[in-house]
Every structure is written in C-alpha cells, then in structure tokens.
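See below for the structure under consideration.
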Amino acid sequence: MCGIAGYLGFRKAYPIVINGLQRLEYRGYDSAGVVLVDGNEMSLYKTKGKVSDLKKIMKQNNVEGNLALGHTRWATHGVPNDENSHPHLSNSGNLVIVHNGIIENYDTIKKELITRGYTFKSDTDTEVLINLIEEVKIKNNCKLGYAVQMALTSVVGAYAIAVFDISKPNEIIVAKLGSPIAIGIGENNSEFFVASDASPFIEYTRNAIYLEDEEMAIIKLGEEIRIRKIQDNAEVVPEIQQLKLNLEQIEKGGYDHFMLKEIHEQPQSIVDAYRGRLLASTGMIKMGSVDNNISRFLNANRIVIVACGTSWHAGLVAEYLFEDLARIPVEVEYASEFRYRNPIINKDDIVIAISQSGETADTLAAVKLAKSKGAFVFGVCNVVGSSIARETDTGAYTHAGPEIGVASTKAFTTQITVLALIALKLGNLKGELSNSMYNHYIQEMSLIPAKVEEVLKMDKEIEKIAAIYKDAPNCLYLGRGFNFPVALEGALKLKEISYIHAEGYPAAEMKHGPIALIDEHMPVIVIATKKGHYDKVVSNIQEIKARNGKIIAIVTKGDTIVREIADHVIEIPETEEAFTPLLSTIPLQLLSYYIAVMRGCNVDQPRNLAKSVTVE
Ligand code: AGP
C-alpha cells in the first residue's frame, strides 16, 4: 500500500518526514517523493525507486522547511516512474496532494477537466483529484477545506489524502475513506504529524487521532484540530487516543506477523479486487481489459493457465470456474513444465498468467513462449508494472496491496475473485448463465467479504485445534470439485511455514493409495461443504474414521452430519459452491499459521523460501 508521512510544526520537517517514509517501507512501494515548504518557498523531489534514492536527490539541496508531505507509492494507476510518483501539484502549482487509495471514476473526471483546459503530466488518479479540488476552489473562491469537501463528494473510490495550499503554509487538510490515516498531535497544537500509521511519529507524540471513513480534518498550527463529516460538514468531536503500540507492532497492524495481518486483510483485499468491477447495484461486471478483448474471450477455443505455487492453485480453481460457469475448456499448467514441454498453442487460445509478484521466472518465461507462438496472453498480477504484467498483452491487477509474508494468502483469494468475475461475465455473455443467475452470483460475491470476516472470527477456535496437531509428522488434505485445489493450497501452506509434510488430494483418490497412510497419527483435513459432492465426502470421512484417522472438517454452517463423525468441525457460512474456495481456504491459512507459530518457525520468512522466485 502507499505510505503518507507529513509534518507541520516548529521542527525541521525533512528528517521527520524522510525517517517516517523509511518507517513505512514495510508497506511495499515502488517510488517515493517529498514536498517541502520553507516560508513561501516550495521544493519538490520525487523518484521511481526507494527512499534511499530520494535521499540521494535531496542531499544535494538545501532541505529547509517546517511543512512537508512525503509519500511512498504502491502503483495502482500508472506504472512506477518519476512523473507518476507523489506528491502531485495542481495546474496552478499552488495546491499539493499525497494520496493512498484508488479513485474509480478518475477517468471520467479527467476527461471533463481536460475539456475545461486542465492539463496532466502523470497517468495517476491523484493528479486528477488535486485539479478537481483546484477547480472547485477557483470556481467558488472558497477555502481549501471547503474545496476538498466539495470535490470528494463527486469522487468514487477509496482515499486517504493530505492537501495544502502553498499560499497558506500553516494548514493541512486531511480526508479519509477506505484507506487509513493517523494524525499525531504535539503539545499545545504546536506541531502536527499526518501518516498512514503512527510509526513515523510515535517517538514525538503518543496523542493521535485516527480519522474514520468520510471524515476530514482541518489542521492549523497553534489551533485545536477540527474534524468534519465530508458529506454534510457536521462537526465531529476529535477522539484523541493515547497510543500504546511499539514500532514493530504498528508496522504489523497490531498482529504478531505480517502473514496473520494479511490473512485478516482479506475482507478488504477482496473488496479492493472487485472494486469498480463488480457493480452489484446494477447487476453488472465491468473489466476494461476483458471488455476491450471480448470477442477473443468469447471465441476462445480454450484457456491455458500458467502459474506456480499458490497461483497455480488459484488457476485450478479458475479451471472449475470457467468450465462450470462459462463452459470454456481450460488447461492449467505448471509454468516450469509448460515452458520446456514444447506445448501446442493455437491462435485461438487465450493464455492466462497468474502471479502475485509478477516476477516469477518460470511464469515470465511461459508468457514469453506463449506470445512467441501467437497466443493472446492475459495477466492476473498484484504488483503494478511488474515484468509479467508488462509482458502480457493486457490483464487485471488483483489490488491486494503488498503481500509481505512469503506464504501467499490474500494473493490467493484476490486472484480467485478476479478470475471468478471474468468467468461470470463470459458465462453470461455466452448465454451459459441466465441473467437472473448472473445477478444472483453478483449479489453473492458482494456478500463474500462479510462472510470471510465471519470465518476470521473463528481465529481462536482454530488456534486451539492447531495446538492439538502441531506435532503431527504428516497431514492429509482432502477436497472435491472447487475445493480440491483448496486442499492442495492448504497442504502447501502447512508445508511451507511449519515444515510438516502435507499432501492434498481429491477426496475420492483416497482409495487409490493414500488411505494406506491412515492411522491414529494422521490428521486429515477434509473440506465437506454442503453443495460440494457432500454425500461422497461424508463417505470418505467414514472410511478414514474406520481406520482411526483424525478428522478436521470444514463444513457449511449448521452441518449436523459431519459433526457426528469428525473430531473437529470448523463452520463456514453458506455460499455458492463456486465461491466456497474464498471461504474454505481461510481456516486452512489460520491452521497452518498457528501450527507454525507453535513450532517456533519463522512464519513470515520460512527457511529456504523467497517471496518471489526470480530464478529457475
Ligand atoms: C505460496 O505461498 C508461495 N509463496 C509460492 O508458492 C508462490 O505462490 C509462488 O512462488 C508463485 O509466486 P507468484 O504468485 O509471485 O508468481
């Protein structure tokens, strides 16, 4: 995610803001920038790359000033480069903004501003926002706070912004919807800090306000902070908190590990993955990269998916989605095998490359091979501007935000979310999915984040189960249909962070060998959701119990049958079977996390593993 660090007060702003940006590096970013104001002198520095690169640029200059806004950018609109880095200025050069989030309707606003004479240097949604604010300010000859408020009422999306007017360098306007922003308050309002979390200012003050959604703050040196509701300007009484967290706890959002933080981010990251794409109010799915190539998708003979690891498991889920919902044949390939197998690629094939990092060497090579054979290649990546994203013909970003833990969690669920949207859209356009069913799936998808939240509430219950099985030498994971890939993914999670050997199988495969492994020492995690070949899975569970296997069952809420047979039952809310992977994977992520923690493993950086396998 982007990081914001700002300062207004009696100290030199530069060291506070630069150190603040370095504290926010854990959020993941691809460029950085700072604007400094000394009296009415403003200097702006920004660059693709790291904060260390920014410091090199600034070192040669006199970096005075008691007002500064700094930003680390995680690209969402516009590739990482100097021009797209923040801060951004309005056309007049008087207004300055830093922004974390996504303005969904920026393109429409940009086109309107261009017709009214505004020009743009960057490809960002943020530069559009600062010029919209400027237009409102000029048109109404009003204060900056009012201009920000008016502009935000016509914006759709998520934002945490800090804005100032160079002609009033003792004031900062802050606003929030969807993205976090904290305001540190110094003694007697003699200084203020604005940041994405408290890590940039925790050593200066522990008095902080966390803005709520649809709130804005007017910060003026020497005055009490004023907070308003953006929609109706209603006054909000500031709730100043006394921060207790230390630096490391702040970076992990109060969680013990990045992996646990990212598991709990999934309700939000799924929203971000479908934001602007799933239009539940109108029962539509919009995705430019698919809409602009819709004939290719509708006439595709088959879809070949290339990926590695967890992304390969997301590809397997996508196989069930595309074949069940859109009746398009799908083949899912390990990228490492595909690239060396001299595969047959036909011109009507669509190749989908799935990669969180967008840098996995085998997947990148598979993409290049597919393109060399004339295929149309579509990317599903998380990192904007990554090698795979740039190599593909087009694609859709998952917008999961940076995934710091080596074990993929929110990447998996956001990949499935994006691929499900595509499968649903194609299914309806091909006439395989009636309008009423299409709308039903769209409405159900909009309920998934809340259902994920419900599963996450079983965190402590799952921790108790983990304590029972943390010393198991081996583990089996079983699933059928949409949940067979989830069984594979659950096994991978356990393997890679707890170092327990685990295998995932289609549940029916037990009889073809693995059942020989079953005894009282073998925990078997079985996904037994109500609509997923339920009776067959119950039989598989009974076969295992007959051989003294220990069963941990993931069941649909209200299940009464499996509860009577299994040793442990974890309930997930009911949903369409096609969407159950988005819910059934959550307990498996938590189970592997707690087992790994109890075994003293390095959960965020497991041994032998890298976050992105950029070598063969
Ligand atoms: C999964 O938890 C691992 N981190 C690993 O299998 C990963 O999914 C694989 O290396 C692919 O990475 P990518 O999605 O960045 O291409």
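By convention here, the chains of the structure tokens are called A, B, ... in the order presented, each chain's residues are numbered starting at 1, and ligands are numbered starting at 1 in the order presented.
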Neighbour list for A:Leu67 as a VMD selection string, cut-off 10 Å, only C-alpha atoms, skip fewer than 4 positions in-chain: chain A and resid 6 to 14 17 35 to 39 42 164 166 169 to 172 191 to 193
Nearby residues (only C-alpha atoms) at most 8 Å from stretch 71-85 of chain A, same-chain spacing under 2 positions excluded, as a PyMOL selection string: chain A and resi 1-5+21+24-25+28-34+46-48+51+69+87-88+98-100+102+121-125+383-385+399+401-402
Report as a short mmCIF file (atom, residue, chain, number, x, y, z; two decimals) with N, CA, C and O atoms, in the first residue's frame all protein, DNA and RNA residues lying within 10 Å of A:Lys168, evaluated on only C-alpha atoms, omitting residues in the same chain fewer than 5 positions from it.
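Just written: around33.cif:
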```
data_model
loop_
_atom_site.label_atom_id
_atom_site.label_comp_id
_atom_site.auth_asym_id
_atom_site.auth_seq_id
_atom_site.Cartn_x
_atom_site.Cartn_y
_atom_site.Cartn_z
N GLY A 39 8.73 28.89 4.49
CA GLY A 39 8.13 30.21 4.22
C GLY A 39 7.22 30.05 3.01
O GLY A 39 6.33 29.22 3.04
N ASN A 40 7.48 30.81 1.93
CA ASN A 40 6.65 30.54 0.76
C ASN A 40 7.46 29.91 -0.38
O ASN A 40 7.09 29.92 -1.53
N ASN A 94 -0.18 25.70 -6.98
CA ASN A 94 -0.43 26.17 -5.61
C ASN A 94 -0.89 25.06 -4.66
O ASN A 94 -0.67 25.15 -3.46
N LEU A 95 -1.58 24.06 -5.22
CA LEU A 95 -2.13 23.00 -4.35
C LEU A 95 -1.29 21.74 -4.49
O LEU A 95 -0.86 21.38 -5.58
N LEU A 144 -9.63 26.12 1.22
CA LEU A 144 -9.17 24.80 0.77
C LEU A 144 -10.04 23.69 1.37
O LEU A 144 -10.43 22.76 0.67
N LYS A 220 -4.51 23.32 11.69
CA LYS A 220 -3.91 24.65 11.63
C LYS A 220 -2.95 24.80 12.80
O LYS A 220 -3.31 24.47 13.95
#
```
Strand (DSSP E or B) per DSSP on the backbone: members of stretch 193-425 of chain A, as a count of residues only: 53
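Taking atom CA of A:Val418 and atom CA of A:Ile181 as the two end points, the separation is 27.5 Å.
Among the candidate residues A:Ile270, A:Ile185, A:Leu517, A:Ile263, the one lying nearest to A:Tyr204 is A:Ile185, with distances computed using only C-alpha atoms.
Counting from atom CA of A:Ser357, the distance to atom CA of A:Cys381 is 6.7 Å.
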Nearby polymer residues, ligand 1, at most 6 Å, only C-alpha atoms and all ligand atoms, as a PyMOL selection string: chain A and resi 308-311+355-358+360+406-408+611-613
Just want the 8 Å neighbourhood of A:Ser584, counted on only C-alpha atoms, with same-chain residues fewer than 3 positions away dropped. Output as a tab-separated table (two decimals) with all heavy atoms, in the first residue's frame.
```tsv
chain	number	residue	atom	x	y	z
A	483	ASN	N	-13.17	-27.39	-4.29
A	483	ASN	CA	-12.34	-27.43	-3.09
A	483	ASN	C	-11.19	-28.42	-3.17
A	483	ASN	O	-10.39	-28.51	-2.22
A	483	ASN	CB	-13.19	-27.68	-1.84
A	483	ASN	CG	-13.96	-26.44	-1.44
A	483	ASN	OD1	-13.34	-25.43	-1.11
A	483	ASN	ND2	-15.27	-26.49	-1.56
A	486	VAL	N	-8.25	-26.23	-3.16
A	486	VAL	CA	-8.09	-25.66	-1.81
A	486	VAL	C	-7.37	-26.65	-0.90
A	486	VAL	O	-6.56	-26.27	-0.06
A	486	VAL	CB	-9.45	-25.25	-1.21
A	486	VAL	CG1	-9.28	-24.68	0.19
A	486	VAL	CG2	-10.14	-24.22	-2.10
A	527	ILE	N	-12.53	-30.89	3.43
A	527	ILE	CA	-13.47	-29.82	3.12
A	527	ILE	C	-14.77	-30.48	2.68
A	527	ILE	O	-14.82	-31.17	1.66
A	527	ILE	CB	-12.93	-28.88	2.02
A	527	ILE	CG1	-11.56	-28.32	2.45
A	527	ILE	CG2	-13.91	-27.75	1.73
A	527	ILE	CD1	-10.75	-27.75	1.32
A	554	ILE	N	-14.00	-29.00	7.47
A	554	ILE	CA	-14.50	-27.64	7.15
A	554	ILE	C	-15.90	-27.86	6.57
A	554	ILE	O	-16.03	-28.49	5.51
A	554	ILE	CB	-13.61	-26.93	6.11
A	554	ILE	CG1	-12.13	-27.07	6.44
A	554	ILE	CG2	-14.04	-25.48	5.95
A	554	ILE	CD1	-11.69	-26.40	7.70
A	572	ILE	N	-18.12	-22.76	8.04
A	572	ILE	CA	-18.02	-21.55	7.20
A	572	ILE	C	-19.43	-21.22	6.70
A	572	ILE	O	-20.25	-22.11	6.52
A	572	ILE	CB	-17.05	-21.76	6.01
A	572	ILE	CG1	-17.51	-22.87	5.07
A	572	ILE	CG2	-15.63	-22.00	6.50
A	572	ILE	CD1	-16.67	-23.01	3.80
A	580	THR	N	-17.00	-21.13	-2.64
A	580	THR	CA	-16.54	-21.71	-1.36
A	580	THR	C	-15.02	-21.64	-1.18
A	580	THR	O	-14.56	-21.47	-0.05
A	580	THR	CB	-17.00	-23.17	-1.20
A	580	THR	OG1	-16.66	-23.89	-2.38
A	580	THR	CG2	-18.48	-23.25	-0.93
A	581	PRO	N	-14.22	-21.72	-2.25
A	581	PRO	CA	-12.76	-21.58	-2.02
A	581	PRO	C	-12.39	-20.29	-1.30
A	581	PRO	O	-11.42	-20.25	-0.54
A	581	PRO	CB	-12.17	-21.64	-3.42
A	581	PRO	CG	-13.12	-22.47	-4.20
A	581	PRO	CD	-14.47	-22.10	-3.66
A	587	PRO	N	-9.77	-20.99	7.05
A	587	PRO	CA	-9.37	-21.82	8.21
A	587	PRO	C	-8.05	-22.55	7.98
A	587	PRO	O	-7.27	-22.74	8.91
A	587	PRO	CB	-10.53	-22.81	8.35
A	587	PRO	CG	-11.67	-22.25	7.60
A	587	PRO	CD	-11.08	-21.39	6.53
A	588	LEU	N	-7.79	-22.92	6.73
A	588	LEU	CA	-6.54	-23.65	6.43
A	588	LEU	C	-5.34	-22.72	6.56
A	588	LEU	O	-4.28	-23.12	7.04
A	588	LEU	CB	-6.61	-24.26	5.03
A	588	LEU	CG	-7.84	-25.12	4.71
A	588	LEU	CD1	-7.65	-25.86	3.39
A	588	LEU	CD2	-8.14	-26.11	5.83
```
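When the distance limit is 6 Å and only C-alpha atoms are what count, the residues near A:Thr392, minus those fewer than 2 positions from it on the same chain, are A:Val377, A:Phe378, A:Gly379, A:Ala389, A:Arg390, A:Thr394.
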Nearest-residue call for A:Asp348, choices A:Asn428, A:Ser295, A:Thr556, A:Asn602, using only C-alpha atoms: A:Ser295
All residues 10 Å or closer to A:Gln542, only C-alpha atoms, same chain fewer than 5 positions away omitted, as a ChimeraX atom specification: /A:536-537,547-549,551,562,565-566
Neighbour list for A:Met437 as a PyMOL selection string, cut-off 12 Å, only C-alpha atoms, skip fewer than 4 positions in-chain: chain A and resi 283-284+325+424-425+427-428+431-433+441-444+576
Using N, CA, C and O atoms, can you write the selected residues to a file as a tab-separated table (two decimals), in the first residue's frame?
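So result-v3.tsv came out as:
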```
chain	number	residue	atom	x	y	z
A	283	GLY	N	-26.12	-4.93	-11.20
A	283	GLY	CA	-26.01	-6.34	-11.63
A	283	GLY	C	-25.11	-6.51	-12.84
A	283	GLY	O	-25.41	-7.25	-13.77
A	284	MET	N	-23.97	-5.79	-12.79
A	284	MET	CA	-23.03	-5.89	-13.93
A	284	MET	C	-21.62	-6.15	-13.44
A	284	MET	O	-21.27	-5.87	-12.29
A	325	LEU	N	-19.04	-22.25	-15.20
A	325	LEU	CA	-19.87	-21.05	-15.39
A	325	LEU	C	-19.90	-20.58	-16.84
A	325	LEU	O	-20.89	-20.03	-17.30
A	424	LEU	N	-17.77	-15.32	-14.68
A	424	LEU	CA	-19.19	-14.97	-14.61
A	424	LEU	C	-19.59	-14.11	-15.81
A	424	LEU	O	-20.61	-14.35	-16.46
A	425	LYS	N	-18.77	-13.13	-16.12
A	425	LYS	CA	-19.07	-12.22	-17.23
A	425	LYS	C	-19.16	-13.00	-18.53
A	425	LYS	O	-20.10	-12.85	-19.32
A	427	GLY	N	-19.63	-16.23	-18.89
A	427	GLY	CA	-20.75	-17.18	-18.84
A	427	GLY	C	-22.06	-16.52	-19.23
A	427	GLY	O	-22.85	-17.08	-19.99
A	428	ASN	N	-22.24	-15.28	-18.74
A	428	ASN	CA	-23.50	-14.59	-19.08
A	428	ASN	C	-23.52	-14.17	-20.54
A	428	ASN	O	-24.51	-14.37	-21.25
A	431	GLY	N	-24.32	-16.87	-22.84
A	431	GLY	CA	-25.64	-17.46	-22.68
A	431	GLY	C	-25.65	-18.72	-21.83
A	431	GLY	O	-26.66	-19.40	-21.69
A	432	GLU	N	-24.50	-19.00	-21.20
A	432	GLU	CA	-24.43	-20.20	-20.33
A	432	GLU	C	-25.03	-19.88	-18.97
A	432	GLU	O	-25.40	-20.76	-18.22
A	433	LEU	N	-25.05	-18.61	-18.64
A	433	LEU	CA	-25.53	-18.17	-17.32
A	433	LEU	C	-26.68	-17.19	-17.55
A	433	LEU	O	-26.48	-16.14	-18.17
A	441	TYR	N	-25.25	-14.44	-8.68
A	441	TYR	CA	-23.82	-14.62	-8.37
A	441	TYR	C	-23.18	-13.27	-8.00
A	441	TYR	O	-22.36	-13.17	-7.09
A	442	ILE	N	-23.57	-12.23	-8.73
A	442	ILE	CA	-23.00	-10.89	-8.46
A	442	ILE	C	-23.38	-10.44	-7.05
A	442	ILE	O	-22.53	-9.98	-6.28
A	443	GLN	N	-24.64	-10.63	-6.70
A	443	GLN	CA	-25.06	-10.24	-5.34
A	443	GLN	C	-24.33	-11.08	-4.31
A	443	GLN	O	-23.88	-10.58	-3.28
A	444	GLU	N	-24.17	-12.37	-4.60
A	444	GLU	CA	-23.50	-13.25	-3.62
A	444	GLU	C	-22.03	-12.86	-3.46
A	444	GLU	O	-21.49	-12.83	-2.36
A	576	GLU	N	-22.50	-19.88	-2.69
A	576	GLU	CA	-22.48	-20.69	-3.91
A	576	GLU	C	-21.23	-21.56	-3.90
A	576	GLU	O	-20.15	-21.09	-3.53
```
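With atom CA of A:Lys252 on one side and atom CA of A:Gly490 on the other, the separation reads 23.4 Å.
The residue that comes closest to A:Leu316, out of A:Thr108, A:Ser199, A:Asn474, A:Gln415 and on the basis of only C-alpha atoms, is A:Gln415.
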Every residue of stretch 78-152 of chain A that DSSP places in helix (DSSP H, G or I), as an NGL selection string: :A and (106-115 or 125-140 or 144-152)
Print the selection's residues with C-alpha atoms to a file, as a PDB file, in the first residue's frame.
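Printed below is out31.pdb as written:
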```pdb
ATOM      1  CA  TYR A 106     -10.937   9.395 -12.197  1.00  0.00           C
ATOM      2  CA  ASP A 107     -11.076   8.802 -15.938  1.00  0.00           C
ATOM      3  CA  THR A 108     -14.462  10.490 -16.309  1.00  0.00           C
ATOM      4  CA  ILE A 109     -13.383  13.424 -14.139  1.00  0.00           C
ATOM      5  CA  LYS A 110     -10.102  13.734 -16.056  1.00  0.00           C
ATOM      6  CA  LYS A 111     -11.883  13.936 -19.403  1.00  0.00           C
ATOM      7  CA  GLU A 112     -14.172  16.681 -18.055  1.00  0.00           C
ATOM      8  CA  LEU A 113     -11.262  18.664 -16.618  1.00  0.00           C
ATOM      9  CA  ILE A 114      -9.387  18.409 -19.915  1.00  0.00           C
ATOM     10  CA  THR A 115     -12.372  19.900 -21.746  1.00  0.00           C
ATOM     11  CA  ASP A 125      -5.853   9.311 -10.444  1.00  0.00           C
ATOM     12  CA  THR A 126      -4.265  11.507  -7.759  1.00  0.00           C
ATOM     13  CA  GLU A 127      -3.306  14.308 -10.137  1.00  0.00           C
ATOM     14  CA  VAL A 128      -6.911  14.344 -11.314  1.00  0.00           C
ATOM     15  CA  LEU A 129      -8.124  14.753  -7.732  1.00  0.00           C
ATOM     16  CA  ILE A 130      -5.871  17.725  -6.925  1.00  0.00           C
ATOM     17  CA  ASN A 131      -7.023  19.508 -10.089  1.00  0.00           C
ATOM     18  CA  LEU A 132     -10.662  18.799  -9.278  1.00  0.00           C
ATOM     19  CA  ILE A 133     -10.049  20.387  -5.865  1.00  0.00           C
ATOM     20  CA  GLU A 134      -8.401  23.359  -7.558  1.00  0.00           C
ATOM     21  CA  GLU A 135     -11.295  23.802  -9.957  1.00  0.00           C
ATOM     22  CA  VAL A 136     -13.795  23.815  -7.069  1.00  0.00           C
ATOM     23  CA  LYS A 137     -11.623  26.262  -5.099  1.00  0.00           C
ATOM     24  CA  ILE A 138     -11.329  28.694  -8.014  1.00  0.00           C
ATOM     25  CA  LYS A 139     -14.956  28.423  -9.088  1.00  0.00           C
ATOM     26  CA  ASN A 140     -16.285  29.029  -5.563  1.00  0.00           C
ATOM     27  CA  LEU A 144      -9.173  24.799   0.770  1.00  0.00           C
ATOM     28  CA  GLY A 145     -11.159  22.766   3.316  1.00  0.00           C
ATOM     29  CA  TYR A 146     -14.423  23.508   1.575  1.00  0.00           C
ATOM     30  CA  ALA A 147     -12.920  22.797  -1.860  1.00  0.00           C
ATOM     31  CA  VAL A 148     -11.634  19.419  -0.679  1.00  0.00           C
ATOM     32  CA  GLN A 149     -15.013  18.594   0.823  1.00  0.00           C
ATOM     33  CA  MET A 150     -16.930  19.526  -2.341  1.00  0.00           C
ATOM     34  CA  ALA A 151     -14.534  17.697  -4.626  1.00  0.00           C
ATOM     35  CA  LEU A 152     -14.705  14.496  -2.560  1.00  0.00           C
TER      36      LEU A 152
END
```
